[in-house]
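File shown: start30.pdb (PDB, C-alpha atoms).
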ATOM      1  CA  MET A  14      -4.563  49.990 -35.420
ATOM      2  CA  GLU A  15      -2.152  52.142 -37.398
ATOM      3  CA  SER A  16      -2.743  53.729 -40.765
ATOM      4  CA  PHE A  17      -0.478  55.562 -43.171
ATOM      5  CA  LEU A  18      -0.506  56.916 -46.687
ATOM      6  CA  PHE A  19       2.336  56.941 -49.189
ATOM      7  CA  THR A  20       2.157  58.887 -52.441
ATOM      8  CA  LEU A  21       4.689  58.409 -55.225
ATOM      9  CA  PRO A  22       4.828  59.737 -58.788
ATOM     10  CA  ALA A  23       3.881  57.058 -61.335
ATOM     11  CA  THR A  24       3.264  56.858 -65.077
ATOM     12  CA  ILE A  25       2.059  53.402 -66.136
ATOM     13  CA  LYS A  26      -1.726  53.062 -66.376
ATOM     14  CA  ILE A  27      -3.139  49.738 -65.243
ATOM     15  CA  ARG A  28      -5.973  47.934 -67.017
ATOM     16  CA  ARG A  29      -8.132  46.555 -64.299
ATOM     17  CA  GLN A  30      -8.697  46.214 -60.597
ATOM     18  CA  ALA A  31      -6.985  43.533 -58.531
ATOM     19  CA  HIS A  32      -8.059  42.125 -55.192
ATOM     20  CA  VAL A  33      -5.629  39.588 -53.794
ATOM     21  CA  GLY A  34      -4.658  38.148 -50.447
ATOM     22  CA  VAL A  35      -6.353  36.799 -47.391
ATOM     23  CA  VAL A  36      -7.781  38.246 -44.195
ATOM     24  CA  GLY A  37      -5.766  35.970 -41.957
ATOM     25  CA  SER A  38      -2.725  35.633 -39.731
ATOM     26  CA  GLY A  39       0.572  36.547 -41.348
ATOM     27  CA  ASP A  40      -1.187  37.619 -44.520
ATOM     28  CA  LEU A  41      -2.617  40.775 -46.056
ATOM     29  CA  GLU A  42      -5.262  41.919 -48.474
ATOM     30  CA  ILE A  43      -4.430  44.240 -51.374
ATOM     31  CA  ILE A  44      -6.962  46.127 -53.488
ATOM     32  CA  LEU A  45      -5.337  47.857 -56.439
ATOM     33  CA  GLU A  46      -7.350  50.135 -58.729
ATOM     34  CA  PRO A  47      -6.512  52.300 -61.748
ATOM     35  CA  ASN A  48      -5.740  55.927 -60.910
ATOM     36  CA  ASP A  49      -6.442  58.738 -63.406
ATOM     37  CA  GLN A  50      -3.739  60.814 -61.837
ATOM     38  CA  ALA A  51      -0.072  60.093 -62.422
ATOM     39  CA  VAL A  52       0.605  58.885 -58.902
ATOM     40  CA  ALA A  53       0.562  55.750 -56.817
ATOM     41  CA  GLU A  54      -1.448  56.333 -53.637
ATOM     42  CA  ILE A  55      -0.982  53.573 -51.120
ATOM     43  CA  THR A  56      -3.041  53.420 -47.918
ATOM     44  CA  ILE A  57      -1.957  50.866 -45.345
ATOM     45  CA  ARG A  58      -3.961  49.759 -42.334
ATOM     46  CA  THR A  59      -2.274  47.419 -39.905
ATOM     47  CA  GLY A  60      -2.939  46.044 -36.437
ATOM     48  CA  VAL A  61       0.770  45.498 -35.897
ATOM     49  CA  THR A  62       2.145  48.881 -34.866
ATOM     50  CA  GLY A  63       5.665  50.218 -35.090
ATOM     51  CA  HIS A  64       6.712  49.074 -38.560
ATOM     52  CA  GLN A  65       6.173  52.203 -40.643
ATOM     53  CA  ALA A  66       9.812  52.290 -41.794
ATOM     54  CA  SER A  67       9.649  48.685 -43.067
ATOM     55  CA  TRP A  68       6.406  49.432 -44.888
ATOM     56  CA  GLU A  69       7.901  52.479 -46.486
ATOM     57  CA  ALA A  70      10.920  50.492 -47.663
ATOM     58  CA  VAL A  71       8.807  47.686 -49.202
ATOM     59  CA  ILE A  72       6.363  50.102 -50.842
ATOM     60  CA  GLN A  73       9.048  52.447 -52.210
ATOM     61  CA  ARG A  74      10.998  49.536 -53.637
ATOM     62  CA  PHE A  75       7.973  48.044 -55.386
ATOM     63  CA  PHE A  76       6.422  51.222 -56.793
ATOM     64  CA  LYS A  77       9.736  52.732 -57.898
ATOM     65  CA  GLN A  78      10.490  49.510 -59.754
ATOM     66  CA  HIS A  79       7.045  49.113 -61.332
ATOM     67  CA  ASP A  80       5.875  52.719 -61.701
ATOM     68  CA  LEU A  81       2.144  51.871 -61.513
ATOM     69  CA  ALA A  82      -0.375  54.721 -61.373
ATOM     70  CA  ALA A  83      -2.811  53.112 -58.965
ATOM     71  CA  LYS A  84      -4.903  53.565 -55.865
ATOM     72  CA  VAL A  85      -3.837  50.843 -53.478
ATOM     73  CA  LYS A  86      -5.462  49.763 -50.243
ATOM     74  CA  ILE A  87      -3.584  47.341 -48.024
ATOM     75  CA  ASN A  88      -5.126  45.681 -44.979
ATOM     76  CA  ASP A  89      -2.384  43.945 -43.042
ATOM     77  CA  PHE A  90      -2.713  41.073 -40.572
ATOM     78  CA  GLY A  91       0.900  40.729 -39.540
ATOM     79  CA  ALA A  92       2.484  39.785 -42.884
ATOM     80  CA  THR A  93       6.251  39.545 -43.185
ATOM     81  CA  PRO A  94       7.981  41.873 -45.683
ATOM     82  CA  GLY A  95       8.466  38.796 -47.913
ATOM     83  CA  MET A  96       4.727  38.111 -47.911
ATOM     84  CA  VAL A  97       3.989  41.777 -48.691
ATOM     85  CA  ALA A  98       6.347  41.656 -51.691
ATOM     86  CA  VAL A  99       4.754  38.445 -53.028
ATOM     87  CA  ARG A 100       1.214  39.809 -52.643
ATOM     88  CA  LEU A 101       2.194  43.050 -54.422
ATOM     89  CA  ALA A 102       3.662  40.983 -57.279
ATOM     90  CA  GLN A 103       0.454  38.942 -57.389
ATOM     91  CA  ALA A 104      -1.708  42.078 -57.510
ATOM     92  CA  MET A 105       0.416  43.394 -60.365
ATOM     93  CA  GLU A 106       0.044  40.145 -62.322
ATOM     94  CA  VAL A 107      -3.722  40.398 -61.976
ATOM     95  CA  CYS A 108      -4.080  44.026 -63.026
ATOM     96  CA  CYS A 109      -1.411  44.235 -65.707
ATOM     97  CA  TYR A 110      -1.490  40.916 -67.571
ATOM     98  CA  ASP A 111      -4.336  38.941 -69.077
TER      99      ASP A 111
ATOM    100  CA  MET B  13      13.564  14.758 -34.301
ATOM    101  CA  ASP B  14      10.943  15.683 -36.892
ATOM    102  CA  LEU B  15      10.157  19.373 -36.410
ATOM    103  CA  ASN B  16       7.530  21.205 -38.442
ATOM    104  CA  PRO B  17       6.332  24.821 -38.640
ATOM    105  CA  HIS B  18       3.790  25.588 -35.873
ATOM    106  CA  ASP B  19       5.149  22.954 -33.480
ATOM    107  CA  LEU B  20       5.502  24.454 -30.005
ATOM    108  CA  LEU B  21       8.763  23.773 -28.209
ATOM    109  CA  GLU B  22       9.295  24.056 -24.489
ATOM    110  CA  ILE B  23      12.669  25.517 -23.641
ATOM    111  CA  LYS B  24      14.594  25.330 -20.397
ATOM    112  CA  CYS B  25      16.432  28.594 -20.434
ATOM    113  CA  ILE B  26      16.317  31.854 -22.367
ATOM    114  CA  SER B  27      20.096  31.592 -22.822
ATOM    115  CA  ASP B  28      19.536  28.517 -25.016
ATOM    116  CA  LEU B  29      18.190  30.845 -27.707
ATOM    117  CA  ILE B  30      20.600  32.034 -30.369
ATOM    118  CA  SER B  31      20.065  35.472 -31.837
ATOM    119  CA  TYR B  32      22.364  37.729 -33.832
ATOM    120  CA  SER B  33      20.574  40.833 -32.614
ATOM    121  CA  PRO B  34      19.803  41.799 -28.987
ATOM    122  CA  LEU B  35      16.675  40.252 -27.472
ATOM    123  CA  PRO B  36      13.940  42.856 -26.874
ATOM    124  CA  ASP B  37      13.094  43.393 -23.187
ATOM    125  CA  TRP B  38       9.696  41.730 -23.417
ATOM    126  CA  VAL B  39      11.187  38.377 -24.513
ATOM    127  CA  GLU B  40      12.444  37.443 -21.063
ATOM    128  CA  SER B  41       9.229  38.226 -19.200
ATOM    129  CA  SER B  42       7.215  36.462 -21.868
ATOM    130  CA  LEU B  43       9.324  33.293 -21.633
ATOM    131  CA  ASN B  44       9.238  33.436 -17.829
ATOM    132  CA  GLN B  45       5.455  33.278 -18.001
ATOM    133  CA  ALA B  46       5.365  30.501 -20.604
ATOM    134  CA  PRO B  47       8.638  28.927 -21.772
ATOM    135  CA  PHE B  48       7.407  28.024 -25.246
ATOM    136  CA  VAL B  49       8.618  29.037 -28.691
ATOM    137  CA  VAL B  50       7.041  28.208 -32.043
ATOM    138  CA  VAL B  51       8.844  26.586 -34.974
ATOM    139  CA  ARG B  52       9.085  29.079 -37.830
ATOM    140  CA  ARG B  53       8.911  28.281 -41.525
ATOM    141  CA  ALA B  54      12.509  29.291 -42.153
ATOM    142  CA  ARG B  55      15.807  27.519 -42.668
ATOM    143  CA  ALA B  56      18.360  27.093 -39.923
ATOM    144  CA  GLU B  57      21.875  25.712 -39.748
ATOM    145  CA  GLU B  58      22.479  22.051 -39.013
ATOM    146  CA  GLY B  59      21.517  21.252 -35.430
ATOM    147  CA  LEU B  60      19.374  24.379 -35.027
ATOM    148  CA  VAL B  61      15.704  25.135 -35.585
ATOM    149  CA  SER B  62      14.193  28.536 -36.477
ATOM    150  CA  VAL B  63      11.815  29.644 -33.752
ATOM    151  CA  GLY B  64       9.597  32.595 -32.936
ATOM    152  CA  ILE B  65       8.849  34.119 -29.555
ATOM    153  CA  ARG B  66       5.438  35.579 -28.914
ATOM    154  CA  GLY B  67       4.874  38.577 -26.654
ATOM    155  CA  GLU B  68       1.594  39.957 -25.402
ATOM    156  CA  LYS B  69       1.198  42.622 -28.048
ATOM    157  CA  ARG B  70       0.750  41.903 -31.714
ATOM    158  CA  ASN B  71       3.948  43.710 -32.563
ATOM    159  CA  GLU B  72       5.871  41.635 -30.030
ATOM    160  CA  ARG B  73       7.248  38.821 -32.146
ATOM    161  CA  PHE B  74      10.907  37.884 -32.282
ATOM    162  CA  ALA B  75      12.776  35.385 -34.427
ATOM    163  CA  ALA B  76      15.685  33.340 -33.078
ATOM    164  CA  PHE B  77      17.284  29.905 -33.336
ATOM    165  CA  LEU B  78      17.255  27.053 -30.857
ATOM    166  CA  PRO B  79      19.721  24.132 -30.717
ATOM    167  CA  ILE B  80      17.597  21.024 -31.325
ATOM    168  CA  LYS B  81      19.262  19.199 -28.459
ATOM    169  CA  GLN B  82      18.051  21.881 -26.025
ATOM    170  CA  ILE B  83      14.377  21.181 -26.764
ATOM    171  CA  GLN B  84      12.670  20.056 -23.563
ATOM    172  CA  LYS B  85       9.358  19.065 -25.110
ATOM    173  CA  GLN B  86       7.737  19.211 -28.541
ATOM    174  CA  ILE B  87       3.987  19.741 -28.862
ATOM    175  CA  THR B  88       2.486  19.361 -32.338
ATOM    176  CA  PRO B  89      -0.832  20.919 -33.426
ATOM    177  CA  GLU B  90      -2.150  17.342 -33.851
ATOM    178  CA  GLN B  91      -1.398  16.584 -30.196
ATOM    179  CA  LEU B  92      -3.311  19.712 -29.155
ATOM    180  CA  ALA B  93      -6.286  18.606 -31.247
ATOM    181  CA  ALA B  94      -6.189  15.134 -29.691
ATOM    182  CA  SER B  95      -5.891  16.462 -26.136
ATOM    183  CA  GLU B  96      -9.170  18.404 -26.464
ATOM    184  CA  ASN B  97      -8.145  20.454 -23.446
ATOM    185  CA  TRP B  98     -10.197  23.411 -24.650
ATOM    186  CA  LYS B  99     -13.154  21.751 -22.948
ATOM    187  CA  GLY B 100     -14.478  23.785 -20.034
ATOM    188  CA  SER B 101     -13.089  27.110 -21.246
ATOM    189  CA  ALA B 102     -15.557  29.998 -21.337
ATOM    190  CA  LYS B 103     -13.797  31.727 -24.250
ATOM    191  CA  GLU B 104     -15.811  31.843 -27.434
ATOM    192  CA  LEU B 105     -13.135  30.350 -29.660
ATOM    193  CA  PHE B 106     -12.653  27.419 -27.302
ATOM    194  CA  ARG B 107     -16.387  26.864 -26.998
ATOM    195  CA  HIS B 108     -16.512  26.228 -30.750
ATOM    196  CA  MET B 109     -13.555  23.850 -30.819
ATOM    197  CA  ASP B 110     -15.747  20.765 -30.331
ATOM    198  CA  GLU B 111     -17.708  21.681 -33.469
ATOM    199  CA  VAL B 112     -14.490  22.155 -35.408
ATOM    200  CA  SER B 113     -13.110  18.895 -34.072
ATOM    201  CA  LEU B 114     -16.247  17.004 -35.147
ATOM    202  CA  LEU B 115     -16.010  18.464 -38.655
ATOM    203  CA  MET B 116     -12.392  17.426 -38.905
ATOM    204  CA  LYS B 117     -13.263  13.908 -37.739
ATOM    205  CA  LYS B 118     -16.130  13.727 -40.233
ATOM    206  CA  HIS B 119     -13.639  14.289 -43.055
ATOM    207  CA  SER B 120     -10.919  12.150 -41.378
ATOM    208  CA  LEU B 121      -8.493  15.094 -41.463
ATOM    209  CA  THR B 122      -5.134  15.371 -39.762
ATOM    210  CA  TRP B 123      -5.330  18.793 -38.153
ATOM    211  CA  GLY B 124      -4.555  20.979 -35.179
ATOM    212  CA  PRO B 125      -4.861  24.482 -33.761
ATOM    213  CA  THR B 126      -1.972  26.939 -34.216
ATOM    214  CA  GLY B 127      -1.540  30.663 -33.461
ATOM    215  CA  SER B 128      -2.844  32.068 -30.190
ATOM    216  CA  VAL B 129      -5.269  29.176 -29.617
ATOM    217  CA  GLY B 130      -2.524  26.582 -30.012
ATOM    218  CA  PHE B 131      -0.217  28.595 -27.791
ATOM    219  CA  GLU B 132      -2.770  28.899 -25.006
ATOM    220  CA  LEU B 133      -3.693  25.209 -25.181
ATOM    221  CA  ALA B 134      -0.037  24.185 -24.960
ATOM    222  CA  SER B 135       1.164  26.682 -22.370
ATOM    223  CA  ARG B 136      -2.009  27.385 -20.383
ATOM    224  CA  LYS B 137      -1.030  31.052 -20.548
ATOM    225  CA  GLU B 138      -3.786  33.541 -21.412
ATOM    226  CA  THR B 139      -3.101  34.313 -25.067
ATOM    227  CA  VAL B 140      -6.435  34.290 -26.900
ATOM    228  CA  THR B 141      -8.218  37.646 -26.902
ATOM    229  CA  GLU B 142     -11.532  38.845 -28.281
ATOM    230  CA  MET B 143      -9.636  39.928 -31.394
ATOM    231  CA  SER B 144      -8.129  36.482 -32.009
ATOM    232  CA  ASP B 145      -9.223  34.237 -34.827
ATOM    233  CA  LEU B 146      -8.899  30.475 -34.791
ATOM    234  CA  ASP B 147      -5.802  29.464 -36.734
ATOM    235  CA  LEU B 148      -5.804  25.854 -37.880
ATOM    236  CA  LEU B 149      -3.543  23.704 -39.957
ATOM    237  CA  ILE B 150      -4.687  20.701 -41.956
ATOM    238  CA  ARG B 151      -2.177  18.257 -43.429
ATOM    239  CA  ALA B 152      -3.074  17.614 -47.053
ATOM    240  CA  ASP B 153      -3.366  14.075 -48.319
ATOM    241  CA  GLY B 154      -4.231  12.545 -51.690
ATOM    242  CA  ARG B 155      -7.864  13.690 -51.467
ATOM    243  CA  PHE B 156      -7.026  17.396 -51.608
ATOM    244  CA  THR B 157      -8.555  18.531 -54.865
ATOM    245  CA  GLN B 158     -10.052  22.003 -55.137
ATOM    246  CA  ASP B 159     -13.511  20.464 -54.702
ATOM    247  CA  PHE B 160     -12.460  18.810 -51.473
ATOM    248  CA  CYS B 161     -11.053  22.161 -50.258
ATOM    249  CA  ARG B 162     -14.413  23.765 -51.089
ATOM    250  CA  THR B 163     -16.279  21.122 -49.090
ATOM    251  CA  ILE B 164     -14.129  21.653 -46.004
ATOM    252  CA  ASN B 165     -14.364  25.437 -46.340
ATOM    253  CA  TYR B 166     -18.141  25.245 -46.708
ATOM    254  CA  ASP B 167     -18.457  23.127 -43.564
ATOM    255  CA  LEU B 168     -16.149  25.379 -41.537
ATOM    256  CA  LYS B 169     -18.162  28.464 -42.547
ATOM    257  CA  LYS B 170     -21.039  27.062 -40.497
ATOM    258  CA  VAL B 171     -19.011  27.606 -37.317
ATOM    259  CA  PRO B 172     -19.731  31.208 -36.247
ATOM    260  CA  ILE B 173     -16.140  32.299 -35.542
ATOM    261  CA  ALA B 174     -13.331  33.551 -37.788
ATOM    262  CA  ILE B 175     -11.293  30.516 -38.815
ATOM    263  CA  ASP B 176      -8.056  30.800 -40.779
ATOM    264  CA  VAL B 177      -6.878  27.486 -42.242
ATOM    265  CA  GLN B 178      -3.472  26.750 -43.697
ATOM    266  CA  VAL B 179      -3.270  23.531 -45.712
ATOM    267  CA  GLU B 180       0.131  21.927 -45.317
ATOM    268  CA  LEU B 181       1.811  20.196 -48.248
ATOM    269  CA  PRO B 182       5.298  18.679 -47.939
ATOM    270  CA  GLU B 183       6.745  21.743 -49.746
ATOM    271  CA  GLY B 184       4.761  24.449 -47.930
ATOM    272  CA  ALA B 185       1.348  25.724 -46.871
ATOM    273  CA  PHE B 186      -1.440  27.598 -48.612
ATOM    274  CA  SER B 187      -4.576  29.316 -47.377
ATOM    275  CA  LEU B 188      -7.768  27.298 -47.662
ATOM    276  CA  HIS B 189      -9.704  30.529 -48.134
ATOM    277  CA  GLU B 190      -7.435  31.640 -50.944
ATOM    278  CA  ILE B 191      -7.636  28.409 -52.933
ATOM    279  CA  VAL B 192     -11.439  28.319 -52.819
ATOM    280  CA  THR B 193     -11.969  31.998 -53.668
ATOM    281  CA  THR B 194      -9.235  32.897 -56.142
ATOM    282  CA  GLN B 195      -9.944  33.527 -59.827
ATOM    283  CA  GLU B 196      -6.243  33.371 -60.589
ATOM    284  CA  GLU B 197      -4.007  30.487 -61.537
ATOM    285  CA  LYS B 198      -1.432  31.076 -58.870
ATOM    286  CA  ILE B 199      -1.774  31.382 -55.128
ATOM    287  CA  VAL B 200       0.742  31.985 -52.364
ATOM    288  CA  LEU B 201       2.615  28.995 -51.016
ATOM    289  CA  ARG B 202       4.501  29.593 -47.770
ATOM    290  CA  THR B 203       7.734  27.617 -48.045
ATOM    291  CA  MET B 204      11.002  27.207 -46.126
ATOM    292  CA  ASN B 205      12.492  29.637 -48.673
ATOM    293  CA  GLY B 206       9.771  32.232 -48.085
ATOM    294  CA  PRO B 207       6.360  32.811 -49.644
ATOM    295  CA  MET B 208       6.036  32.365 -53.416
ATOM    296  CA  LEU B 209       3.349  32.339 -56.112
ATOM    297  CA  ARG B 210       2.599  28.846 -57.375
ATOM    298  CA  ARG B 211       0.015  26.910 -59.358
ATOM    299  CA  ILE B 212      -1.008  24.746 -56.439
ATOM    300  CA  TYR B 213      -3.905  22.730 -57.703
ATOM    301  CA  LEU B 214      -1.903  21.080 -60.443
ATOM    302  CA  GLU B 215       0.337  19.573 -57.814
ATOM    303  CA  LEU B 216      -2.512  17.960 -55.930
ATOM    304  CA  LYS B 217      -2.951  14.398 -57.103
TER     305      LYS B 217
END
Please, can you express the file's structure as structure tokens?
Amino acid sequence: MESFLFTLPATIKIRRQAHVGVVGSGDLEIILEPNDQAVAEITIRTGVTGHQASWEAVIQRFFKQHDLAAKVKINDFGATPGMVAVRLAQAMEVCCYD
Amino acid sequence: MDLNPHDLLEIKCISDLISYSPLPDWVESSLNQAPFVVVRRARAEEGLVSVGIRGEKRNERFAAFLPIKQIQKQITPEQLAASENWKGSAKELFRHMDEVSLLMKKHSLTWGPTGSVGFELASRKETVTEMSDLDLLIRADGRFTQDFCRTINYDLKKVPIAIDVQVELPEGAFSLHEIVTTQEEKIVLRTMNGPMLRRIYLELK
């Protein structure tokens, strides 16, 4: 098991919590909550070690583009970068749009 | 040859694999122990199929291509389900396969094991560990409404192991767990062009 934390400056407040994804092979679970502070704090836990650079790239790309002030927990079960991007987009749809 | 994601393919020689990046060291020893690759849900050029190689560790996965004419043998998840060669295994996941099989028969489902369970059943190589869950695929047919998904999910929950079901549609696969638990309109569909968010239930007739 590997765990890492990314913190990025962020400005956009989100309305509500999102919990998307699946605990299952090739998938991931994302819990996204509003953050009072102007940062995105992303904690990733994964059983597939050795991919910190890929995680950083996917996370940086998403949170720089969307600027969400949120606390984000990601539990990974071997998702591809494409799956991570889709689940992040899904979490954003849930917490930002009604 | 009709090849689908999760089919296991026996290969003759590691040099039959096509890769545009160097093969990691573990690939050769892994294929020497069990010369099987799994069909990936990804496009390939004419005459090739996208495949994945599985190593012993969870971070040992490698994507490559295989010329279709080099395939020695194709084993589908359905064939593994029909073979029932989990019988006699002491491993917990295998000991529950009869229960799963009976449930699938009760609902007349076309199904099969994938992931580590499928790989071990096909190759006879030790692959399932205490950490493994049971990955299954079910091929959707005209009965697959959300209610029908709920019924299958409810029945599978009675089996005391972690079971992860992908429901296969012609255009891709979705998670049974996701469709029965989501509050949202869209869920993830895994397609040949990658995963995407889709309104699945409207497409089920």
Could you state which residues are captured by the ChimeraX specification (/B :<10) & /A in this file, as a ChimeraX atom specification? /A:32-38,40,60-64,90-91,93,95-100,102-103,106-107
Result set, the PyMOL selection byres ((chain A and resi 23) around 6) on current file, as JSON, numbers by chain: {"A": [22, 24, 51, 52, 53, 80, 81, 82]}
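Taking atom CA of Ile25 of chain A as the reference point, atom CA of Leu41 of chain A is found at 24.2 Å.
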I need every residue sitting at most 9 Å from the point (-8.7, 21.4, -51.1) (coordinates as in the file, all atoms listed in the file considered), written as a PyMOL selection string. chain B and resi 152+155-165+179+188+191-192+213+216
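Of the listed residues (A:Ala92, A:Ile87, A:Cys108, A:Ile72), A:Ile87 comes nearest to Ile44 of chain A; the distances count all atoms listed in the file.
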Might I get the box with edges along x, y and z of the file that holds all atoms of segment 44-57 of chain A listed there, padded by 6 Å on every side, given as centre and edge lengths in Å to one decimal, as lines of an AutoDock Vina configuration file?
center_x = -3.4
center_y = 53.5
center_z = -54.4
size_x = 20.0
size_y = 26.7
size_z = 30.1
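The interatomic distance for the pair atom CA of Arg58 of chain A and atom CA of Ile27 of chain A works out to 22.9 Å.
Residues captured in this structure file are Ala66, Ser67, Trp68, Glu69, Ala70, Ile72, Gln73, Arg74, Phe75, Phe76, Pro94, Gly95, Val97, Ala98 and Leu101 of chain A, according to the PyMOL selection byres ((chain A and resi 71) around 10).
Of the residues under consideration (A:Ile57, A:Val85, A:His79, A:Pro47), A:Ile57 shows the shortest atom-to-atom contact distance to Met14 of chain A when counting all atoms listed in the file.
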Hey, what's within 12 Å of Phe131 of chain B if we count only C-alpha atoms and toss same-chain stuff fewer than 4 positions away? As a VMD selection string, please? chain B and resid 18 to 22 46 to 51 64 to 68 87 to 89 92 98 124 to 127 135 to 140 144 146 to 148
Among listed residues B:Asn16, B:Ser62, B:Ser41, B:Thr203, nearest Pro79 of chain B (using only C-alpha atoms): B:Ser62
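The nearest approach to Gln84 of chain B among the residues B:Ala185, B:Cys25, B:Leu168, B:Ile150, with only C-alpha atoms taken into account, belongs to B:Cys25.
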What does the structure give for the distance between atom CA of Ile26 of chain B and atom CA of Leu149 of chain B, in Å to one decimal? 27.8 Å
Using only C-alpha atoms, can you list as a PDB file with C-alpha atoms, in the frame of the given file the residues within 10 Å of (-5.9, 46.4, -69.7)?
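And here is the file that came out, point.pdb:
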ATOM      1  CA  LYS A  26      -1.726  53.062 -66.376  1.00  0.00           C
ATOM      2  CA  ILE A  27      -3.139  49.738 -65.243  1.00  0.00           C
ATOM      3  CA  ARG A  28      -5.973  47.934 -67.017  1.00  0.00           C
ATOM      4  CA  ARG A  29      -8.132  46.555 -64.299  1.00  0.00           C
ATOM      5  CA  GLN A  30      -8.697  46.214 -60.597  1.00  0.00           C
ATOM      6  CA  PRO A  47      -6.512  52.300 -61.748  1.00  0.00           C
ATOM      7  CA  CYS A 108      -4.080  44.026 -63.026  1.00  0.00           C
ATOM      8  CA  CYS A 109      -1.411  44.235 -65.707  1.00  0.00           C
ATOM      9  CA  TYR A 110      -1.490  40.916 -67.571  1.00  0.00           C
ATOM     10  CA  ASP A 111      -4.336  38.941 -69.077  1.00  0.00           C
TER      11      ASP A 111
END
Can you rebuild segment 52-57 of chain B with all heavy atoms and give it as a PDB file, in the coordinates of the input?
ATOM      1  N   ARG B  52       9.362  28.202 -36.701  1.00  0.00           N
ATOM      2  CA  ARG B  52       9.085  29.079 -37.830  1.00  0.00           C
ATOM      3  C   ARG B  52       9.361  28.353 -39.139  1.00  0.00           C
ATOM      4  O   ARG B  52      10.164  27.430 -39.200  1.00  0.00           O
ATOM      5  CB  ARG B  52       9.961  30.343 -37.772  1.00  0.00           C
ATOM      6  CG  ARG B  52       9.767  31.160 -36.518  1.00  0.00           C
ATOM      7  CD  ARG B  52      10.782  32.285 -36.441  1.00  0.00           C
ATOM      8  NE  ARG B  52      10.633  33.198 -37.558  1.00  0.00           N
ATOM      9  CZ  ARG B  52      11.594  33.491 -38.416  1.00  0.00           C
ATOM     10  NH1 ARG B  52      12.776  32.965 -38.303  1.00  0.00           N
ATOM     11  NH2 ARG B  52      11.361  34.329 -39.399  1.00  0.00           N
ATOM     12  N   ARG B  53       8.684  28.850 -40.195  1.00  0.00           N
ATOM     13  CA  ARG B  53       8.911  28.281 -41.525  1.00  0.00           C
ATOM     14  C   ARG B  53      10.112  28.997 -42.143  1.00  0.00           C
ATOM     15  O   ARG B  53       9.972  29.875 -42.984  1.00  0.00           O
ATOM     16  CB  ARG B  53       7.662  28.472 -42.387  1.00  0.00           C
ATOM     17  CG  ARG B  53       7.536  27.491 -43.532  1.00  0.00           C
ATOM     18  CD  ARG B  53       6.313  27.785 -44.368  1.00  0.00           C
ATOM     19  NE  ARG B  53       5.078  27.720 -43.636  1.00  0.00           N
ATOM     20  CZ  ARG B  53       4.401  26.600 -43.390  1.00  0.00           C
ATOM     21  NH1 ARG B  53       4.858  25.457 -43.817  1.00  0.00           N
ATOM     22  NH2 ARG B  53       3.279  26.635 -42.713  1.00  0.00           N
ATOM     23  N   ALA B  54      11.284  28.646 -41.671  1.00  0.00           N
ATOM     24  CA  ALA B  54      12.509  29.291 -42.153  1.00  0.00           C
ATOM     25  C   ALA B  54      13.674  28.334 -41.920  1.00  0.00           C
ATOM     26  O   ALA B  54      13.642  27.523 -40.982  1.00  0.00           O
ATOM     27  CB  ALA B  54      12.743  30.602 -41.405  1.00  0.00           C
ATOM     28  N   ARG B  55      14.669  28.433 -42.769  1.00  0.00           N
ATOM     29  CA  ARG B  55      15.807  27.519 -42.668  1.00  0.00           C
ATOM     30  C   ARG B  55      16.696  27.881 -41.491  1.00  0.00           C
ATOM     31  O   ARG B  55      16.757  29.027 -41.062  1.00  0.00           O
ATOM     32  CB  ARG B  55      16.622  27.562 -43.958  1.00  0.00           C
ATOM     33  CG  ARG B  55      15.869  26.974 -45.113  1.00  0.00           C
ATOM     34  CD  ARG B  55      16.761  26.704 -46.303  1.00  0.00           C
ATOM     35  NE  ARG B  55      15.954  26.225 -47.411  1.00  0.00           N
ATOM     36  CZ  ARG B  55      15.518  24.971 -47.538  1.00  0.00           C
ATOM     37  NH1 ARG B  55      15.853  24.056 -46.628  1.00  0.00           N
ATOM     38  NH2 ARG B  55      14.773  24.616 -48.561  1.00  0.00           N
ATOM     39  N   ALA B  56      17.390  26.873 -40.990  1.00  0.00           N
ATOM     40  CA  ALA B  56      18.360  27.093 -39.923  1.00  0.00           C
ATOM     41  C   ALA B  56      19.557  26.198 -40.202  1.00  0.00           C
ATOM     42  O   ALA B  56      19.458  25.219 -40.935  1.00  0.00           O
ATOM     43  CB  ALA B  56      17.748  26.740 -38.572  1.00  0.00           C
ATOM     44  N   GLU B  57      20.676  26.535 -39.583  1.00  0.00           N
ATOM     45  CA  GLU B  57      21.875  25.712 -39.748  1.00  0.00           C
ATOM     46  C   GLU B  57      21.654  24.341 -39.123  1.00  0.00           C
ATOM     47  O   GLU B  57      20.805  24.163 -38.260  1.00  0.00           O
ATOM     48  CB  GLU B  57      23.055  26.390 -39.049  1.00  0.00           C
ATOM     49  CG  GLU B  57      23.688  27.496 -39.870  1.00  0.00           C
ATOM     50  CD  GLU B  57      24.838  28.148 -39.112  1.00  0.00           C
ATOM     51  OE1 GLU B  57      25.662  27.430 -38.523  1.00  0.00           O
ATOM     52  OE2 GLU B  57      24.871  29.386 -39.095  1.00  0.00           O
TER      53      GLU B  57
END
